[in-house]
>>> print(open('structure35.pdb').read())   # PDB, C-alpha atoms, pLDDT in the B column
ATOM      1  CA  ILE A  30      22.511  23.804  -5.039  1.00 45.00           C
ATOM      2  CA  ALA A  31      23.422  22.307  -8.402  1.00 43.00           C
ATOM      3  CA  MET A  32      21.643  20.094 -10.899  1.00 47.00           C
ATOM      4  CA  VAL A  33      22.702  16.458 -10.843  1.00 49.00           C
ATOM      5  CA  THR A  34      21.583  14.312 -13.765  1.00 48.00           C
ATOM      6  CA  THR A  35      20.705  10.673 -13.260  1.00 51.00           C
ATOM      7  CA  ASP A  36      22.110   7.838 -15.314  1.00 50.00           C
ATOM      8  CA  LYS A  37      19.164   7.736 -17.750  1.00 53.00           C
ATOM      9  CA  MET A  38      19.152  11.448 -18.531  1.00 51.00           C
ATOM     10  CA  PRO A  39      21.174  12.944 -21.389  1.00 50.00           C
ATOM     11  CA  LYS A  40      24.292  14.765 -20.173  1.00 53.00           C
ATOM     12  CA  LYS A  41      23.207  18.063 -21.730  1.00 53.00           C
ATOM     13  CA  THR A  42      19.663  18.203 -20.387  1.00 55.00           C
ATOM     14  CA  LYS A  43      17.747  21.412 -20.908  1.00 64.00           C
ATOM     15  CA  LEU A  44      15.963  22.249 -17.699  1.00 80.00           C
ATOM     16  CA  ALA A  45      12.305  22.049 -18.692  1.00 90.00           C
ATOM     17  CA  PRO A  46       9.289  21.168 -16.568  1.00 95.00           C
ATOM     18  CA  ILE A  47       7.293  18.011 -17.234  1.00 95.00           C
ATOM     19  CA  ARG A  48       4.077  18.619 -19.155  1.00 94.00           C
ATOM     20  CA  VAL A  49       1.339  16.008 -19.409  1.00 95.00           C
ATOM     21  CA  PRO A  50      -0.777  16.228 -22.599  1.00 94.00           C
ATOM     22  CA  ASP A  51      -4.415  17.221 -22.101  1.00 93.00           C
ATOM     23  CA  ALA A  52      -5.574  14.043 -23.849  1.00 94.00           C
ATOM     24  CA  GLU A  53      -3.802  11.978 -21.189  1.00 93.00           C
ATOM     25  CA  LEU A  54      -5.258  14.060 -18.358  1.00 94.00           C
ATOM     26  CA  ARG A  55      -8.802  13.193 -19.478  1.00 94.00           C
ATOM     27  CA  ARG A  56      -8.139   9.507 -18.712  1.00 94.00           C
ATOM     28  CA  TRP A  57      -7.712  10.098 -14.951  1.00 96.00           C
ATOM     29  CA  SER A  58     -10.485   9.267 -12.481  1.00 95.00           C
ATOM     30  CA  ALA A  59     -11.128   9.104  -8.749  1.00 95.00           C
ATOM     31  CA  LYS A  60     -12.898   5.759  -9.254  1.00 95.00           C
ATOM     32  CA  SER A  61     -10.815   2.941  -7.744  1.00 92.00           C
ATOM     33  CA  PRO A  62     -10.357  -0.291  -9.678  1.00 95.00           C
ATOM     34  CA  LEU A  63     -10.882  -3.517  -7.735  1.00 95.00           C
ATOM     35  CA  GLY A  64      -7.128  -4.108  -7.314  1.00 95.00           C
ATOM     36  CA  PHE A  65      -6.590  -0.687  -5.736  1.00 95.00           C
ATOM     37  CA  SER A  66      -9.592  -1.162  -3.446  1.00 95.00           C
ATOM     38  CA  PHE A  67      -8.121  -4.491  -2.321  1.00 95.00           C
ATOM     39  CA  ALA A  68      -4.717  -2.857  -1.711  1.00 95.00           C
ATOM     40  CA  LYS A  69      -6.342  -0.137   0.424  1.00 94.00           C
ATOM     41  CA  ILE A  70      -8.225  -2.730   2.488  1.00 94.00           C
ATOM     42  CA  TRP A  71      -5.051  -4.811   2.942  1.00 94.00           C
ATOM     43  CA  SER A  72      -3.080  -1.749   4.008  1.00 92.00           C
ATOM     44  CA  ARG A  73      -5.730  -0.749   6.523  1.00 92.00           C
ATOM     45  CA  HIS A  74      -6.553  -4.107   8.136  1.00 93.00           C
ATOM     46  CA  MET A  75      -3.752  -6.640   7.781  1.00 92.00           C
ATOM     47  CA  PRO A  76      -1.111  -6.927  10.500  1.00 87.00           C
ATOM     48  CA  ARG A  77       1.750  -7.652   8.071  1.00 88.00           C
ATOM     49  CA  GLY A  78       2.691  -6.623   4.542  1.00 88.00           C
ATOM     50  CA  LYS A  79       0.950  -3.220   4.697  1.00 89.00           C
ATOM     51  CA  GLY A  80       3.421  -1.841   2.162  1.00 90.00           C
ATOM     52  CA  TRP A  81       4.762  -4.926   0.419  1.00 91.00           C
ATOM     53  CA  VAL A  82       1.402  -6.348  -0.744  1.00 93.00           C
ATOM     54  CA  PRO A  83       0.078  -3.060  -2.221  1.00 93.00           C
ATOM     55  CA  ARG A  84       3.449  -2.378  -3.883  1.00 92.00           C
ATOM     56  CA  LYS A  85       3.522  -5.856  -5.489  1.00 93.00           C
ATOM     57  CA  LEU A  86      -0.126  -5.630  -6.509  1.00 94.00           C
ATOM     58  CA  GLY A  87       0.347  -2.224  -8.153  1.00 94.00           C
ATOM     59  CA  ARG A  88       3.390  -3.449 -10.070  1.00 93.00           C
ATOM     60  CA  LEU A  89       1.626  -6.635 -11.212  1.00 95.00           C
ATOM     61  CA  VAL A  90      -1.798  -5.345 -12.275  1.00 96.00           C
ATOM     62  CA  GLY A  91      -1.771  -1.550 -12.077  1.00 95.00           C
ATOM     63  CA  GLN A  92       0.181  -0.535 -15.190  1.00 92.00           C
ATOM     64  CA  ASP A  93      -2.904   0.903 -16.913  1.00 94.00           C
ATOM     65  CA  TRP A  94      -4.480   2.549 -13.885  1.00 96.00           C
ATOM     66  CA  ARG A  95      -5.105   6.283 -14.136  1.00 97.00           C
ATOM     67  CA  ILE A  96      -6.523   6.982 -10.696  1.00 97.00           C
ATOM     68  CA  THR A  97      -6.391   9.755  -8.133  1.00 98.00           C
ATOM     69  CA  ILE A  98      -6.868   9.843  -4.396  1.00 97.00           C
ATOM     70  CA  PRO A  99      -8.093  12.822  -2.368  1.00 97.00           C
ATOM     71  CA  THR A 100      -5.731  14.651  -0.048  1.00 97.00           C
ATOM     72  CA  SER A 101      -6.794  15.978   3.341  1.00 97.00           C
ATOM     73  CA  MET A 102      -7.413  19.410   1.769  1.00 96.00           C
ATOM     74  CA  GLY A 103      -9.508  18.031  -1.086  1.00 96.00           C
ATOM     75  CA  ALA A 104      -6.928  18.105  -3.891  1.00 97.00           C
ATOM     76  CA  GLN A 105      -6.445  15.124  -6.199  1.00 97.00           C
ATOM     77  CA  LEU A 106      -3.153  13.212  -6.041  1.00 98.00           C
ATOM     78  CA  ALA A 107      -2.303  11.106  -9.122  1.00 98.00           C
ATOM     79  CA  VAL A 108      -1.373   7.540  -8.122  1.00 97.00           C
ATOM     80  CA  ASP A 109       1.798   5.833  -9.333  1.00 96.00           C
ATOM     81  CA  PRO A 110       0.965   2.088  -9.332  1.00 95.00           C
ATOM     82  CA  GLN A 111       4.708   1.283  -9.120  1.00 92.00           C
ATOM     83  CA  ASN A 112       4.691   2.805  -5.619  1.00 93.00           C
ATOM     84  CA  LEU A 113       1.192   1.911  -4.492  1.00 94.00           C
ATOM     85  CA  ASP A 114       2.272   1.484  -0.872  1.00 93.00           C
ATOM     86  CA  VAL A 115       2.782   5.250  -0.531  1.00 93.00           C
ATOM     87  CA  TYR A 116      -0.743   5.998  -1.771  1.00 95.00           C
ATOM     88  CA  THR A 117      -2.472   3.319   0.313  1.00 95.00           C
ATOM     89  CA  THR A 118      -0.749   4.799   3.366  1.00 93.00           C
ATOM     90  CA  ILE A 119      -2.063   8.252   2.428  1.00 96.00           C
ATOM     91  CA  THR A 120      -5.610   6.895   2.060  1.00 95.00           C
ATOM     92  CA  ARG A 121      -5.278   4.990   5.338  1.00 93.00           C
ATOM     93  CA  LYS A 122      -4.354   8.293   7.027  1.00 94.00           C
ATOM     94  CA  ASP A 123      -7.337  10.158   5.508  1.00 95.00           C
ATOM     95  CA  GLY A 124      -5.328  11.974   2.854  1.00 96.00           C
ATOM     96  CA  VAL A 125      -2.294  12.805   5.012  1.00 96.00           C
ATOM     97  CA  TRP A 126       1.348  11.789   4.470  1.00 93.00           C
ATOM     98  CA  GLU A 127       3.744  13.969   6.500  1.00 93.00           C
ATOM     99  CA  GLN A 128       1.561  16.426   8.407  1.00 95.00           C
ATOM    100  CA  ASN A 129       4.453  17.774  10.508  1.00 96.00           C
ATOM    101  CA  VAL A 130       6.385  18.705   7.346  1.00 96.00           C
ATOM    102  CA  LEU A 131       3.335  20.430   5.863  1.00 96.00           C
ATOM    103  CA  THR A 132       2.670  22.319   9.098  1.00 97.00           C
ATOM    104  CA  ALA A 133       6.267  23.592   9.210  1.00 97.00           C
ATOM    105  CA  CYS A 134       6.195  24.621   5.546  1.00 97.00           C
ATOM    106  CA  ARG A 135       2.914  26.482   5.951  1.00 96.00           C
ATOM    107  CA  ALA A 136       4.240  28.313   9.019  1.00 97.00           C
ATOM    108  CA  ILE A 137       7.178  29.836   7.122  1.00 96.00           C
ATOM    109  CA  THR A 138       5.465  30.468   3.772  1.00 97.00           C
ATOM    110  CA  LYS A 139       3.237  33.341   2.745  1.00 96.00           C
ATOM    111  CA  ALA A 140       1.085  34.015  -0.307  1.00 95.00           C
ATOM    112  CA  GLY A 141       3.164  34.981  -3.327  1.00 94.00           C
ATOM    113  CA  ASP A 142       6.305  33.104  -2.203  1.00 96.00           C
ATOM    114  CA  VAL A 143       8.302  30.693  -4.313  1.00 96.00           C
ATOM    115  CA  PHE A 144       8.276  27.230  -2.743  1.00 97.00           C
ATOM    116  CA  PHE A 145      10.820  24.524  -3.639  1.00 96.00           C
ATOM    117  CA  ASP A 146      10.012  20.875  -2.932  1.00 96.00           C
ATOM    118  CA  ILE A 147      13.356  19.076  -3.242  1.00 94.00           C
ATOM    119  CA  GLY A 148      12.807  15.326  -3.374  1.00 92.00           C
ATOM    120  CA  ALA A 149       9.068  15.624  -3.926  1.00 95.00           C
ATOM    121  CA  ASN A 150       8.449  11.846  -4.058  1.00 94.00           C
ATOM    122  CA  ALA A 151       4.655  11.420  -4.526  1.00 95.00           C
ATOM    123  CA  GLY A 152       4.127  15.190  -4.361  1.00 96.00           C
ATOM    124  CA  TRP A 153       1.834  15.252  -1.357  1.00 97.00           C
ATOM    125  CA  VAL A 154       3.535  18.261   0.295  1.00 97.00           C
ATOM    126  CA  SER A 155       3.621  20.194  -2.999  1.00 96.00           C
ATOM    127  CA  VAL A 156      -0.021  19.497  -3.783  1.00 97.00           C
ATOM    128  CA  GLU A 157      -1.167  20.411  -0.279  1.00 97.00           C
ATOM    129  CA  MET A 158       0.906  23.618  -0.287  1.00 97.00           C
ATOM    130  CA  SER A 159      -0.562  24.646  -3.647  1.00 96.00           C
ATOM    131  CA  LYS A 160      -4.062  23.883  -2.375  1.00 96.00           C
ATOM    132  CA  ALA A 161      -3.510  25.671   0.961  1.00 96.00           C
ATOM    133  CA  PHE A 162      -2.350  28.858  -0.739  1.00 95.00           C
ATOM    134  CA  GLY A 163      -5.026  28.820  -3.418  1.00 92.00           C
ATOM    135  CA  GLY A 164      -2.557  28.814  -6.275  1.00 83.00           C
ATOM    136  CA  SER A 165      -0.788  31.981  -5.097  1.00 93.00           C
ATOM    137  CA  LEU A 166       2.557  30.177  -4.634  1.00 94.00           C
ATOM    138  CA  THR A 167       5.042  29.635  -7.419  1.00 96.00           C
ATOM    139  CA  LEU A 168       5.939  26.037  -6.736  1.00 96.00           C
ATOM    140  CA  CYS A 169       8.935  24.119  -8.145  1.00 96.00           C
ATOM    141  CA  ALA A 170       9.130  20.415  -7.362  1.00 97.00           C
ATOM    142  CA  PHE A 171      12.224  18.315  -8.060  1.00 96.00           C
ATOM    143  CA  GLU A 172      11.976  14.514  -8.193  1.00 94.00           C
ATOM    144  CA  PRO A 173      14.498  12.252  -9.962  1.00 92.00           C
ATOM    145  CA  GLN A 174      12.342   9.094 -10.017  1.00 91.00           C
ATOM    146  CA  PRO A 175      10.658   9.179 -13.450  1.00 92.00           C
ATOM    147  CA  THR A 176       7.264   7.695 -12.593  1.00 93.00           C
ATOM    148  CA  LEU A 177       6.881   9.756  -9.433  1.00 95.00           C
ATOM    149  CA  ALA A 178       7.940  12.987 -11.156  1.00 96.00           C
ATOM    150  CA  ARG A 179       5.314  12.398 -13.844  1.00 97.00           C
ATOM    151  CA  MET A 180       2.654  11.762 -11.178  1.00 97.00           C
ATOM    152  CA  VAL A 181       3.472  15.035  -9.427  1.00 98.00           C
ATOM    153  CA  ALA A 182       3.200  16.897 -12.749  1.00 98.00           C
ATOM    154  CA  THR A 183      -0.096  15.107 -13.435  1.00 98.00           C
ATOM    155  CA  SER A 184      -1.411  16.070  -9.989  1.00 98.00           C
ATOM    156  CA  PHE A 185      -0.526  19.734 -10.550  1.00 97.00           C
ATOM    157  CA  GLN A 186      -2.276  19.797 -13.918  1.00 97.00           C
ATOM    158  CA  LEU A 187      -5.352  17.870 -12.730  1.00 97.00           C
ATOM    159  CA  ASN A 188      -5.795  20.375  -9.896  1.00 96.00           C
ATOM    160  CA  GLY A 189      -5.213  23.400 -12.133  1.00 95.00           C
ATOM    161  CA  PHE A 190      -2.129  24.579 -10.236  1.00 94.00           C
ATOM    162  CA  GLY A 191      -0.834  26.754 -13.064  1.00 90.00           C
ATOM    163  CA  LYS A 192       2.118  28.294 -11.193  1.00 93.00           C
ATOM    164  CA  SER A 193       3.584  24.872 -10.392  1.00 95.00           C
ATOM    165  CA  SER A 194       6.377  23.062 -12.228  1.00 96.00           C
ATOM    166  CA  VAL A 195       7.990  19.643 -11.820  1.00 97.00           C
ATOM    167  CA  TYR A 196      11.545  18.838 -12.890  1.00 96.00           C
ATOM    168  CA  ARG A 197      12.840  15.272 -13.187  1.00 93.00           C
ATOM    169  CA  LEU A 198      16.240  15.684 -11.619  1.00 90.00           C
ATOM    170  CA  MET A 199      18.152  15.587  -8.367  1.00 88.00           C
ATOM    171  CA  LEU A 200      19.566  18.629  -6.673  1.00 87.00           C
ATOM    172  CA  GLY A 201      22.856  18.498  -4.827  1.00 81.00           C
ATOM    173  CA  ASN A 202      25.776  20.592  -3.666  1.00 82.00           C
ATOM    174  CA  GLU A 203      27.761  20.206  -6.898  1.00 80.00           C
ATOM    175  CA  GLU A 204      27.081  19.707 -10.598  1.00 83.00           C
ATOM    176  CA  GLY A 205      27.589  16.312 -12.130  1.00 82.00           C
ATOM    177  CA  GLU A 206      26.079  12.944 -12.744  1.00 82.00           C
ATOM    178  CA  ALA A 207      24.969  10.348 -10.247  1.00 79.00           C
ATOM    179  CA  GLU A 208      23.267   7.014 -10.245  1.00 82.00           C
ATOM    180  CA  LEU A 209      19.964   6.876  -8.454  1.00 80.00           C
ATOM    181  CA  PHE A 210      19.536   3.763  -6.356  1.00 78.00           C
ATOM    182  CA  ILE A 211      15.832   2.958  -6.073  1.00 77.00           C
ATOM    183  CA  PRO A 212      15.088   0.129  -3.633  1.00 71.00           C
ATOM    184  CA  ALA A 213      11.726  -1.624  -3.393  1.00 72.00           C
ATOM    185  CA  HIS A 214      10.304   1.288  -1.387  1.00 69.00           C
ATOM    186  CA  SER A 215      10.577   4.573  -3.315  1.00 66.00           C
ATOM    187  CA  ILE A 216      10.929   6.829  -0.280  1.00 68.00           C
ATOM    188  CA  HIS A 217      14.365   5.353   0.406  1.00 71.00           C
ATOM    189  CA  ALA A 218      15.884   6.286  -2.986  1.00 75.00           C
ATOM    190  CA  SER A 219      19.389   7.679  -2.725  1.00 76.00           C
ATOM    191  CA  ALA A 220      22.165   9.008  -4.906  1.00 77.00           C
ATOM    192  CA  ILE A 221      25.361   7.171  -5.604  1.00 70.00           C
ATOM    193  CA  LYS A 222      27.928   9.582  -6.999  1.00 60.00           C
ATOM    194  CA  ILE A 223      29.853   8.363 -10.065  1.00 55.00           C
TER     195      ILE A 223
END
>>> encode(input="structure35.pdb", output="structure tokens")
Amino acid sequence: IAMVTTDKMPKKTKLAPIRVPDAELRRWSAKSPLGFSFAKIWSRHMPRGKGWVPRKLGRLVGQDWRITIPTSMGAQLAVDPQNLDVYTTITRKDGVWEQNVLTACRAITKAGDVFFDIGANAGWVSVEMSKAFGGSLTLCAFEPQPTLARMVATSFQLNGFGKSSVYRLMLGNEEGEAELFIPAHSIHASAIKI
């Protein structure tokens, strides 16, 4: 596995984890603003636009939101308003995103292991793994999408997962640079090699 920088990263990037200043962490809350509450209701009850409407709403009015949602294990997941559809889906599923992935990861991991989350996206698997193992894992998450990577780092720090690090980069089978194509829905991001 090799580091692949994205188009907006300097070519000679020092591999350093994302750190969120303590002053910024104090601004986060589990209290939902009206727009997020509306997006959750839309996602839960409307027959169409379950992802599109929350995503548009978050991008239009959510720029200043600093909110968290609870995961199924009781951790706090920092919400990226640019990708609100992911978080409304998690709330609609009672704090769960990809339970089968989490179950498989837990089955092959033991306390004290190093766990790599490659393509962490919103960080749900990473946060749940850290919570499940009570902070005994050394966890390294890799996510090239800037806003999502920052949210994963924020989630780790808000939950006090001290042995967890987030790196804003892609991993691949060779070193180099690549463009990251990010469509409307963040979970379908893909690399385009230059």
>>> residues_near_point(input="structure35.pdb", point="(2.0, 32.3, -2.7)", cutoff="7 Å", atoms="only C-alpha atoms", output="mmCIF file with C-alpha atoms, in the frame of the given file")
data_model
loop_
_atom_site.group_PDB
_atom_site.id
_atom_site.type_symbol
_atom_site.label_atom_id
_atom_site.label_comp_id
_atom_site.auth_asym_id
_atom_site.auth_seq_id
_atom_site.Cartn_x
_atom_site.Cartn_y
_atom_site.Cartn_z
ATOM 1 C CA LYS A 139 3.237 33.341 2.745
ATOM 2 C CA ALA A 140 1.085 34.015 -0.307
ATOM 3 C CA GLY A 141 3.164 34.981 -3.327
ATOM 4 C CA ASP A 142 6.305 33.104 -2.203
ATOM 5 C CA VAL A 143 8.302 30.693 -4.313
ATOM 6 C CA PHE A 162 -2.350 28.858 -0.739
ATOM 7 C CA GLY A 164 -2.557 28.814 -6.275
ATOM 8 C CA SER A 165 -0.788 31.981 -5.097
ATOM 9 C CA LEU A 166 2.557 30.177 -4.634
ATOM 10 C CA THR A 167 5.042 29.635 -7.419
#
>>> atom_distance(input="structure35.pdb", atom1="CA of Gly64 in chain A", atom2="CA of Leu106 in chain A")
17.8 Å
>>> residues_around(input="structure35.pdb", residues="Gly103 in chain A", least_positions_apart="4", cutoff="9 Å", atoms="only C-alpha atoms", output="ChimeraX atom specification")
/A:99,124,157,160
>>> residues_around(input="structure35.pdb", residues="Trp126 in chain A", least_positions_apart="2", cutoff="9 Å", atoms="only C-alpha atoms", output="PyMOL selection string")
chain A and resi 100+115-116+118-120+122-124+128+131+153-154
>>> residues_around(input="structure35.pdb", residues="Phe144 in chain A", least_positions_apart="3", cutoff="10 Å", atoms="only C-alpha atoms", output="PyMOL selection string")
chain A and resi 134+138-139+141+147+155+158-159+166-170+193
>>> resolve_selection(input="structure35.pdb", expression="the PyMOL selection byres ((chain A and resi 88-94) around 9)", output="PDB file with C-alpha atoms, in the coordinates of the input")
ATOM      1  CA  TRP A  57      -7.712  10.098 -14.951  1.00 96.00           C
ATOM      2  CA  SER A  61     -10.815   2.941  -7.744  1.00 92.00           C
ATOM      3  CA  PRO A  62     -10.357  -0.291  -9.678  1.00 95.00           C
ATOM      4  CA  GLY A  64      -7.128  -4.108  -7.314  1.00 95.00           C
ATOM      5  CA  PHE A  65      -6.590  -0.687  -5.736  1.00 95.00           C
ATOM      6  CA  PRO A  83       0.078  -3.060  -2.221  1.00 93.00           C
ATOM      7  CA  ARG A  84       3.449  -2.378  -3.883  1.00 92.00           C
ATOM      8  CA  LYS A  85       3.522  -5.856  -5.489  1.00 93.00           C
ATOM      9  CA  LEU A  86      -0.126  -5.630  -6.509  1.00 94.00           C
ATOM     10  CA  GLY A  87       0.347  -2.224  -8.153  1.00 94.00           C
ATOM     11  CA  ARG A  95      -5.105   6.283 -14.136  1.00 97.00           C
ATOM     12  CA  ILE A  96      -6.523   6.982 -10.696  1.00 97.00           C
ATOM     13  CA  VAL A 108      -1.373   7.540  -8.122  1.00 97.00           C
ATOM     14  CA  ASP A 109       1.798   5.833  -9.333  1.00 96.00           C
ATOM     15  CA  PRO A 110       0.965   2.088  -9.332  1.00 95.00           C
ATOM     16  CA  GLN A 111       4.708   1.283  -9.120  1.00 92.00           C
ATOM     17  CA  ASN A 112       4.691   2.805  -5.619  1.00 93.00           C
ATOM     18  CA  LEU A 113       1.192   1.911  -4.492  1.00 94.00           C
TER      19      LEU A 113
END
>>> closest_residue(input="structure35.pdb", among="A:His217, A:Lys192, A:Arg77, A:Arg48", to="Arg179 in chain A", atoms="only C-alpha atoms")
A:Arg48
>>> residues_around(input="structure35.pdb", residues="range 79-81 of chain A", least_positions_apart="5", cutoff="7 Å", atoms="only C-alpha atoms", output="PDB file with C-alpha atoms, keeping the file's coordinate frame")
ATOM      1  CA  TRP A  71      -5.051  -4.811   2.942  1.00 94.00           C
ATOM      2  CA  SER A  72      -3.080  -1.749   4.008  1.00 92.00           C
ATOM      3  CA  ASP A 114       2.272   1.484  -0.872  1.00 93.00           C
TER       4      ASP A 114
END
>>> residues_around(input="structure35.pdb", residues="Val49 in chain A", least_positions_apart="6", cutoff="8 Å", atoms="all atoms listed in the file", output="count of residues only")
4
>>> resolve_selection(input="structure35.pdb", expression="the PyMOL selection byres ((chain A and resi 171-176) around 9)", output="PyMOL selection string")
chain A and resi 34-35+109+111-112+145-152+169-170+177-181+194-200+209+211+215+218
>>> atom_distance(input="structure35.pdb", atom1="CA of Thr132 in chain A", atom2="CA of Val156 in chain A")
13.5 Å
>>> atom_distance(input="structure35.pdb", atom1="CA of Ile47 in chain A", atom2="CA of Ile221 in chain A")
24.1 Å
>>> closest_residue(input="structure35.pdb", among="A:Glu208, A:Val82, A:Gln105, A:Lys69", to="Leu187 in chain A", atoms="only C-alpha atoms")
A:Gln105
>>> axis_aligned_box(input="structure35.pdb", around="range 60-65 of chain A", padding_each_side="4 Å", output="lines of an AutoDock Vina configuration file")
center_x = -9.7
center_y = 0.8
center_z = -7.7
size_x = 14.3
size_y = 17.9
size_z = 11.9
>>> closest_residue(input="structure35.pdb", among="A:Leu54, A:Ile70, A:Ala161, A:Gly201", to="Ala104 in chain A", atoms="all atoms listed in the file")
A:Ala161
>>> decode(input="structure35.pdb", residues="range 151-158 of chain A", atoms="all heavy atoms", output="compact mmCIF listing (two decimals), in the first residue's frame")
# COMPACT_ATOMS: atom_id res chain seq x y z
N ALA A 151 -17.46 8.67 6.72
CA ALA A 151 -17.93 9.41 7.90
C ALA A 151 -17.29 8.92 9.20
O ALA A 151 -17.44 9.56 10.23
CB ALA A 151 -19.45 9.30 8.01
N GLY A 152 -16.59 7.80 9.16
CA GLY A 152 -15.89 7.31 10.34
C GLY A 152 -16.70 6.42 11.25
O GLY A 152 -16.24 6.08 12.34
N TRP A 153 -17.87 6.00 10.82
CA TRP A 153 -18.72 5.21 11.70
C TRP A 153 -18.02 3.92 12.15
O TRP A 153 -18.03 3.59 13.35
CB TRP A 153 -20.05 4.88 11.01
CG TRP A 153 -20.98 4.11 11.88
CD1 TRP A 153 -21.82 4.62 12.83
CD2 TRP A 153 -21.15 2.69 11.92
NE1 TRP A 153 -22.49 3.60 13.46
CE2 TRP A 153 -22.10 2.41 12.91
CE3 TRP A 153 -20.59 1.64 11.22
CZ2 TRP A 153 -22.51 1.11 13.21
CZ3 TRP A 153 -20.99 0.35 11.52
CH2 TRP A 153 -21.95 0.09 12.50
N VAL A 154 -17.41 3.17 11.25
CA VAL A 154 -16.75 1.92 11.62
C VAL A 154 -15.61 2.20 12.60
O VAL A 154 -15.47 1.53 13.62
CB VAL A 154 -16.24 1.15 10.37
CG1 VAL A 154 -15.36 -0.03 10.78
CG2 VAL A 154 -17.41 0.65 9.54
N SER A 155 -14.80 3.21 12.31
CA SER A 155 -13.68 3.56 13.20
C SER A 155 -14.15 3.92 14.60
O SER A 155 -13.59 3.46 15.60
CB SER A 155 -12.90 4.74 12.63
OG SER A 155 -12.23 4.40 11.46
N VAL A 156 -15.17 4.76 14.66
CA VAL A 156 -15.68 5.21 15.96
C VAL A 156 -16.27 4.03 16.74
O VAL A 156 -16.00 3.86 17.93
CB VAL A 156 -16.72 6.34 15.77
CG1 VAL A 156 -17.49 6.62 17.04
CG2 VAL A 156 -16.02 7.61 15.28
N GLU A 157 -17.03 3.18 16.06
CA GLU A 157 -17.61 2.03 16.75
C GLU A 157 -16.54 1.03 17.19
O GLU A 157 -16.64 0.45 18.27
CB GLU A 157 -18.65 1.34 15.86
CG GLU A 157 -19.88 2.18 15.60
CD GLU A 157 -20.78 2.38 16.81
OE1 GLU A 157 -20.38 3.12 17.73
OE2 GLU A 157 -21.88 1.81 16.85
N MET A 158 -15.51 0.83 16.37
CA MET A 158 -14.42 -0.07 16.77
C MET A 158 -13.70 0.49 18.00
O MET A 158 -13.40 -0.25 18.94
CB MET A 158 -13.45 -0.29 15.62
CG MET A 158 -13.97 -1.19 14.52
SD MET A 158 -14.22 -2.91 15.04
CE MET A 158 -12.52 -3.48 15.15
